[in-house]
file upload_27.cif (mmCIF, C-alpha atoms)
data_coords
#
loop_
_atom_site.group_PDB
_atom_site.id
_atom_site.type_symbol
_atom_site.label_atom_id
_atom_site.label_comp_id
_atom_site.auth_asym_id
_atom_site.auth_seq_id
_atom_site.Cartn_x
_atom_site.Cartn_y
_atom_site.Cartn_z
ATOM 1 C CA MET B 232 -8.542 -16.671 76.740
ATOM 2 C CA GLU B 233 -9.004 -20.380 76.875
ATOM 3 C CA GLN B 234 -6.891 -22.932 75.056
ATOM 4 C CA TRP B 235 -9.575 -24.004 72.594
ATOM 5 C CA GLN B 236 -9.983 -20.355 71.520
ATOM 6 C CA LYS B 237 -6.252 -20.053 70.966
ATOM 7 C CA ASP B 238 -6.274 -23.310 68.953
ATOM 8 C CA LEU B 239 -9.219 -22.099 66.853
ATOM 9 C CA ILE B 240 -7.498 -18.771 66.109
ATOM 10 C CA GLY B 241 -4.312 -20.678 65.212
ATOM 11 C CA MET B 242 -6.253 -22.953 62.851
ATOM 12 C CA ILE B 243 -7.989 -19.957 61.229
ATOM 13 C CA GLU B 244 -4.638 -18.218 60.777
ATOM 14 C CA THR B 245 -3.126 -21.401 59.290
ATOM 15 C CA VAL B 246 -6.069 -21.776 56.880
ATOM 16 C CA ALA B 247 -5.799 -18.089 55.922
ATOM 17 C CA ASP B 248 -2.040 -18.475 55.265
ATOM 18 C CA GLU B 249 -2.636 -21.615 53.171
ATOM 19 C CA VAL B 250 -5.406 -19.925 51.139
ATOM 20 C CA GLU B 251 -3.181 -16.895 50.602
ATOM 21 C CA GLN B 252 -0.303 -19.166 49.501
ATOM 22 C CA PHE B 253 -2.690 -20.995 47.125
ATOM 23 C CA PHE B 254 -3.744 -17.752 45.441
ATOM 24 C CA VAL B 255 -0.141 -16.512 45.191
ATOM 25 C CA GLU B 256 0.866 -19.771 43.472
ATOM 26 C CA MET B 257 -2.178 -19.572 41.187
ATOM 27 C CA ASN B 258 -1.208 -16.005 40.278
ATOM 28 C CA ASP B 259 2.335 -17.181 39.484
ATOM 29 C CA MET B 260 0.959 -20.011 37.316
ATOM 30 C CA ILE B 261 -1.318 -17.607 35.416
ATOM 31 C CA ASP B 262 1.594 -15.203 34.869
ATOM 32 C CA ALA B 263 3.731 -18.084 33.588
ATOM 33 C CA PHE B 264 0.886 -19.208 31.310
ATOM 34 C CA PHE B 265 0.580 -15.710 29.799
ATOM 35 C CA GLU B 266 4.343 -15.486 29.325
ATOM 36 C CA ILE B 267 4.371 -18.825 27.503
ATOM 37 C CA THR B 268 1.417 -17.843 25.292
ATOM 38 C CA GLU B 269 3.120 -14.540 24.444
ATOM 39 C CA GLU B 270 6.334 -16.375 23.509
ATOM 40 C CA ILE B 271 4.388 -18.871 21.384
ATOM 41 C CA THR B 272 2.464 -16.055 19.699
ATOM 42 C CA GLU B 273 5.668 -14.168 18.929
ATOM 43 C CA GLU B 274 7.314 -17.331 17.577
ATOM 44 C CA VAL B 275 4.309 -18.171 15.391
ATOM 45 C CA GLN B 276 4.120 -14.604 14.101
ATOM 46 C CA SER B 277 7.823 -14.416 13.304
ATOM 47 C CA THR B 278 7.735 -17.810 11.587
ATOM 48 C CA PHE B 279 4.542 -16.955 9.724
ATOM 49 C CA VAL B 280 5.868 -13.570 8.606
ATOM 50 C CA ALA B 281 9.173 -15.122 7.553
ATOM 51 C CA ASP B 282 7.351 -17.822 5.562
ATOM 52 C CA ILE B 283 5.116 -15.264 3.856
ATOM 53 C CA ASP B 284 8.113 -13.050 3.077
ATOM 54 C CA LEU B 285 9.915 -16.040 1.574
ATOM 55 C CA PHE B 286 6.828 -17.020 -0.437
ATOM 56 C CA LEU B 287 6.332 -13.490 -1.762
ATOM 57 C CA GLN B 288 10.015 -13.205 -2.584
ATOM 58 C CA GLU B 289 9.929 -16.506 -4.493
ATOM 59 C CA LEU B 290 6.775 -15.365 -6.279
ATOM 60 C CA THR B 291 7.850 -11.846 -7.170
ATOM 61 C CA GLU B 292 11.491 -12.443 -8.115
ATOM 62 C CA PRO B 293 10.735 -14.170 -11.461
ATOM 63 C CA ILE B 294 8.141 -11.526 -12.313
ATOM 64 C CA LEU B 295 10.559 -8.726 -11.503
ATOM 65 C CA GLU B 296 13.317 -10.404 -13.520
ATOM 66 C CA ILE B 297 11.014 -10.589 -16.544
ATOM 67 C CA TYR B 298 10.040 -6.954 -16.035
ATOM 68 C CA TRP B 299 13.677 -5.862 -15.813
ATOM 69 C CA GLU B 300 14.537 -7.856 -18.939
ATOM 70 C CA LEU B 301 11.664 -6.204 -20.810
ATOM 71 C CA GLU B 302 12.800 -2.845 -19.535
ATOM 72 C CA ASP B 303 16.301 -3.552 -20.873
ATOM 73 C CA ILE B 304 14.831 -4.533 -24.250
ATOM 74 C CA THR B 305 12.623 -1.467 -24.485
ATOM 75 C CA GLU B 306 15.523 0.810 -23.597
ATOM 76 C CA ASP B 307 17.389 -0.536 -26.623
ATOM 77 C CA VAL B 308 14.478 0.186 -28.985
ATOM 78 C CA ASP B 309 14.755 3.481 -30.839
ATOM 79 C CA PRO B 310 11.679 5.620 -30.097
ATOM 80 C CA GLY B 311 11.863 6.770 -33.741
ATOM 81 C CA PHE B 312 11.502 3.202 -34.980
ATOM 82 C CA PRO B 313 8.548 3.087 -37.395
ATOM 83 C CA TYR B 314 5.388 1.199 -36.547
ATOM 84 C CA ALA B 315 2.131 0.612 -38.384
ATOM 85 C CA VAL B 316 -1.220 2.273 -37.648
ATOM 86 C CA GLU B 317 -4.424 0.924 -39.180
ATOM 87 C CA ALA B 318 -6.958 3.287 -40.706
ATOM 88 C CA THR B 319 -10.162 3.348 -38.659
ATOM 89 C CA ARG B 320 -13.541 5.076 -38.901
ATOM 90 C CA GLU B 321 -12.394 7.591 -36.282
ATOM 91 C CA LYS B 322 -8.982 8.266 -37.825
ATOM 92 C CA ASN B 323 -8.380 8.320 -41.606
ATOM 93 C CA ALA B 324 -11.739 6.810 -42.563
ATOM 94 C CA ALA B 325 -11.207 7.754 -46.241
ATOM 95 C CA CYS B 326 -8.149 5.475 -46.331
ATOM 96 C CA ILE B 327 -9.836 2.215 -45.286
ATOM 97 C CA GLY B 328 -9.181 -0.355 -48.012
ATOM 98 C CA CYS B 329 -7.037 2.041 -50.112
ATOM 99 C CA SER B 330 -3.961 0.628 -51.829
ATOM 100 C CA ASN B 331 -2.149 3.960 -51.377
ATOM 101 C CA TYR B 332 -2.501 3.905 -47.567
ATOM 102 C CA HIS B 333 0.960 3.729 -45.969
ATOM 103 C CA GLY B 334 0.052 4.117 -42.261
ATOM 104 C CA GLN B 335 3.543 4.143 -40.722
ATOM 105 C CA VAL B 336 4.620 6.349 -37.824
ATOM 106 C CA TYR B 337 8.145 7.770 -38.079
ATOM 107 C CA SER B 338 9.531 9.557 -34.988
ATOM 108 C CA GLY B 339 5.987 10.183 -33.779
ATOM 109 C CA ASN B 340 4.658 11.455 -37.139
ATOM 110 C CA LEU B 341 2.084 9.438 -39.067
ATOM 111 C CA LEU B 342 2.644 9.237 -42.839
ATOM 112 C CA VAL B 343 -0.803 8.399 -44.224
ATOM 113 C CA CYS B 344 0.094 8.195 -47.920
ATOM 114 C CA GLY B 345 2.323 9.806 -50.547
ATOM 115 C CA MET B 346 -0.465 11.974 -51.988
ATOM 116 C CA HIS B 347 -1.888 13.117 -48.647
ATOM 117 C CA PRO B 348 0.811 12.791 -45.954
ATOM 118 C CA HIS B 349 -1.518 14.000 -43.185
ATOM 119 C CA GLY B 350 -4.606 12.168 -44.448
ATOM 120 C CA TRP B 351 -7.838 13.284 -46.110
ATOM 121 C CA ASP B 352 -10.490 15.162 -44.133
ATOM 122 C CA ASP B 353 -13.617 13.865 -45.923
ATOM 123 C CA GLU B 354 -14.830 10.276 -46.090
ATOM 124 C CA SER B 355 -14.053 9.947 -49.799
ATOM 125 C CA CYS B 356 -10.547 10.658 -51.090
ATOM 126 C CA PRO B 357 -10.110 11.563 -54.792
ATOM 127 C CA ASP B 358 -6.981 9.348 -54.963
ATOM 128 C CA TRP B 359 -8.562 6.285 -53.338
ATOM 129 C CA GLU B 360 -7.770 3.008 -55.152
ATOM 130 C CA LYS B 361 -8.983 -0.446 -54.231
ATOM 131 C CA GLU B 362 -6.472 -2.469 -52.288
ATOM 132 C CA ILE B 363 -5.137 -5.425 -54.275
ATOM 133 C CA GLU B 364 -5.671 -8.613 -52.332
#

call {"tool": "encode", "arguments": {"input": "upload_27.cif", "output": "structure tokens"}}
result
Amino acid sequence: MEQWQKDLIGMIETVADEVEQFFVEMNDMIDAFFEITEEITEEVQSTFVADIDLFLQELTEPILEIYWELEDITEDVDPGFPYAVEATREKNAACIGCSNYHGQVYSGNLLVCGMHPHGWDDESCPDWEKEIE
């Protein structure tokens, strides 16, 4: 083989080595780029999640405190404590506007009035009296 052929083969081998080295370095740069983007993504996610957790905690704590305070108050209330019930067309229609209507619930039992403790079934009660205003 002549010298020029040997030189040409040497140059081709050198170019091939340089091209291979170029692609290896490019591959390393791309790997480094992906590693950096993964680290940035993880950092942004952890910061974002931490910020949202802090925001939700700051938002929900006062609401939960109010709820717990109300729960404490309602625990202290006697379930047998009387409360008023208005006469309606569906329930105790004969008592609407009657001065005898009591309408208090005691331990879960409604006392409609002294004459008819459980109410009157019809729409007109014989003991109905106009409510004094």

call {"tool": "axis_aligned_box", "arguments": {"input": "upload_27.cif", "around": "segment 350-364 of chain B", "padding_each_side": "3 Å", "output": "JSON"}}
result
{"center_x": -9.7, "center_y": 3.3, "center_z": -49.6, "size_x": 16.2, "size_y": 29.8, "size_z": 17.0}

call {"tool": "closest_residue", "arguments": {"input": "upload_27.cif", "among": "B:Val250, B:Met260, B:Leu341, B:Cys356", "to": "Cys326 of chain B", "atoms": "only C-alpha atoms"}}
result
B:Cys356

call {"tool": "atom_distance", "arguments": {"input": "upload_27.cif", "atom1": "atom CA of Ala318 of chain B", "atom2": "atom CA of Gly350 of chain B"}}
result
9.9 Å

call {"tool": "atom_distance", "arguments": {"input": "upload_27.cif", "atom1": "atom CA of Pro293 of chain B", "atom2": "atom CA of Val275 of chain B"}}
result
27.9 Å

call {"tool": "resolve_selection", "arguments": {"input": "upload_27.cif", "expression": "the PyMOL selection byres ((chain B and resi 314) around 6)", "output": "PyMOL selection string"}}
result
chain B and resi 313+315+335-336

call {"tool": "decode", "arguments": {"input": "upload_27.cif", "residues": "segment 247-258 of chain B", "atoms": "all heavy atoms", "output": "compact mmCIF listing (two decimals), in the first residue's frame"}}
result
# COMPACT_ATOMS: atom_id res chain seq x y z
N ALA B 247 -13.19 9.76 12.16
CA ALA B 247 -14.17 8.87 12.79
C ALA B 247 -14.05 8.94 14.31
O ALA B 247 -15.06 8.99 15.03
CB ALA B 247 -13.98 7.44 12.31
N ASP B 248 -12.82 8.96 14.84
CA ASP B 248 -12.61 9.08 16.29
C ASP B 248 -13.14 10.41 16.81
O ASP B 248 -13.78 10.48 17.87
CB ASP B 248 -11.12 8.94 16.63
CG ASP B 248 -10.60 7.51 16.44
OD1 ASP B 248 -11.44 6.58 16.38
OD2 ASP B 248 -9.37 7.34 16.34
N GLU B 249 -12.89 11.49 16.08
CA GLU B 249 -13.35 12.82 16.50
C GLU B 249 -14.88 12.90 16.49
O GLU B 249 -15.50 13.47 17.39
CB GLU B 249 -12.75 13.91 15.60
CG GLU B 249 -11.26 14.10 15.75
CD GLU B 249 -10.88 14.60 17.14
OE1 GLU B 249 -11.63 15.43 17.71
OE2 GLU B 249 -9.85 14.14 17.66
N VAL B 250 -15.51 12.32 15.44
CA VAL B 250 -16.97 12.33 15.36
C VAL B 250 -17.56 11.50 16.50
O VAL B 250 -18.53 11.89 17.14
CB VAL B 250 -17.44 11.81 13.98
CG1 VAL B 250 -18.93 11.53 13.97
CG2 VAL B 250 -17.07 12.79 12.88
N GLU B 251 -16.92 10.33 16.76
CA GLU B 251 -17.39 9.51 17.86
C GLU B 251 -17.27 10.25 19.19
O GLU B 251 -18.18 10.24 20.02
CB GLU B 251 -16.60 8.20 17.91
CG GLU B 251 -17.05 7.27 19.01
CD GLU B 251 -16.23 5.99 19.08
OE1 GLU B 251 -15.25 5.84 18.33
OE2 GLU B 251 -16.61 5.14 19.90
N GLN B 252 -16.14 10.92 19.40
CA GLN B 252 -15.92 11.70 20.63
C GLN B 252 -16.95 12.83 20.74
O GLN B 252 -17.49 13.09 21.82
CB GLN B 252 -14.49 12.28 20.64
CG GLN B 252 -14.13 13.02 21.90
CD GLN B 252 -14.12 12.11 23.12
OE1 GLN B 252 -13.83 10.92 23.03
NE2 GLN B 252 -14.47 12.67 24.26
N PHE B 253 -17.29 13.46 19.62
CA PHE B 253 -18.29 14.54 19.60
C PHE B 253 -19.64 14.02 20.08
O PHE B 253 -20.30 14.62 20.93
CB PHE B 253 -18.40 15.13 18.19
CG PHE B 253 -19.54 16.08 18.02
CD1 PHE B 253 -19.46 17.38 18.50
CD2 PHE B 253 -20.71 15.67 17.38
CE1 PHE B 253 -20.52 18.25 18.35
CE2 PHE B 253 -21.77 16.54 17.24
CZ PHE B 253 -21.69 17.83 17.72
N PHE B 254 -20.05 12.86 19.53
CA PHE B 254 -21.35 12.30 19.92
C PHE B 254 -21.37 11.81 21.36
O PHE B 254 -22.38 11.91 22.05
CB PHE B 254 -21.78 11.21 18.94
CG PHE B 254 -22.30 11.76 17.64
CD1 PHE B 254 -21.63 11.52 16.46
CD2 PHE B 254 -23.46 12.52 17.60
CE1 PHE B 254 -22.11 12.03 15.26
CE2 PHE B 254 -23.95 13.03 16.41
CZ PHE B 254 -23.26 12.79 15.24
N VAL B 255 -20.26 11.28 21.85
CA VAL B 255 -20.17 10.87 23.26
C VAL B 255 -20.33 12.09 24.16
O VAL B 255 -21.06 12.06 25.16
CB VAL B 255 -18.84 10.12 23.52
CG1 VAL B 255 -18.59 9.98 25.01
CG2 VAL B 255 -18.84 8.77 22.85
N GLU B 256 -19.66 13.18 23.83
CA GLU B 256 -19.76 14.41 24.63
C GLU B 256 -21.18 15.00 24.55
O GLU B 256 -21.70 15.50 25.55
CB GLU B 256 -18.71 15.42 24.18
CG GLU B 256 -17.30 15.03 24.56
CD GLU B 256 -16.25 15.98 24.03
OE1 GLU B 256 -16.62 17.03 23.44
OE2 GLU B 256 -15.05 15.68 24.19
N MET B 257 -21.78 14.93 23.36
CA MET B 257 -23.16 15.42 23.22
C MET B 257 -24.11 14.58 24.07
O MET B 257 -25.01 15.11 24.73
CB MET B 257 -23.61 15.37 21.75
CG MET B 257 -23.00 16.43 20.88
SD MET B 257 -23.40 18.09 21.42
CE MET B 257 -25.11 18.17 21.02
N ASN B 258 -23.89 13.27 24.09
CA ASN B 258 -24.71 12.38 24.90
C ASN B 258 -24.55 12.72 26.39
O ASN B 258 -25.53 12.76 27.13
CB ASN B 258 -24.33 10.92 24.63
CG ASN B 258 -25.28 9.96 25.29
OD1 ASN B 258 -26.47 10.24 25.40
ND2 ASN B 258 -24.77 8.82 25.72
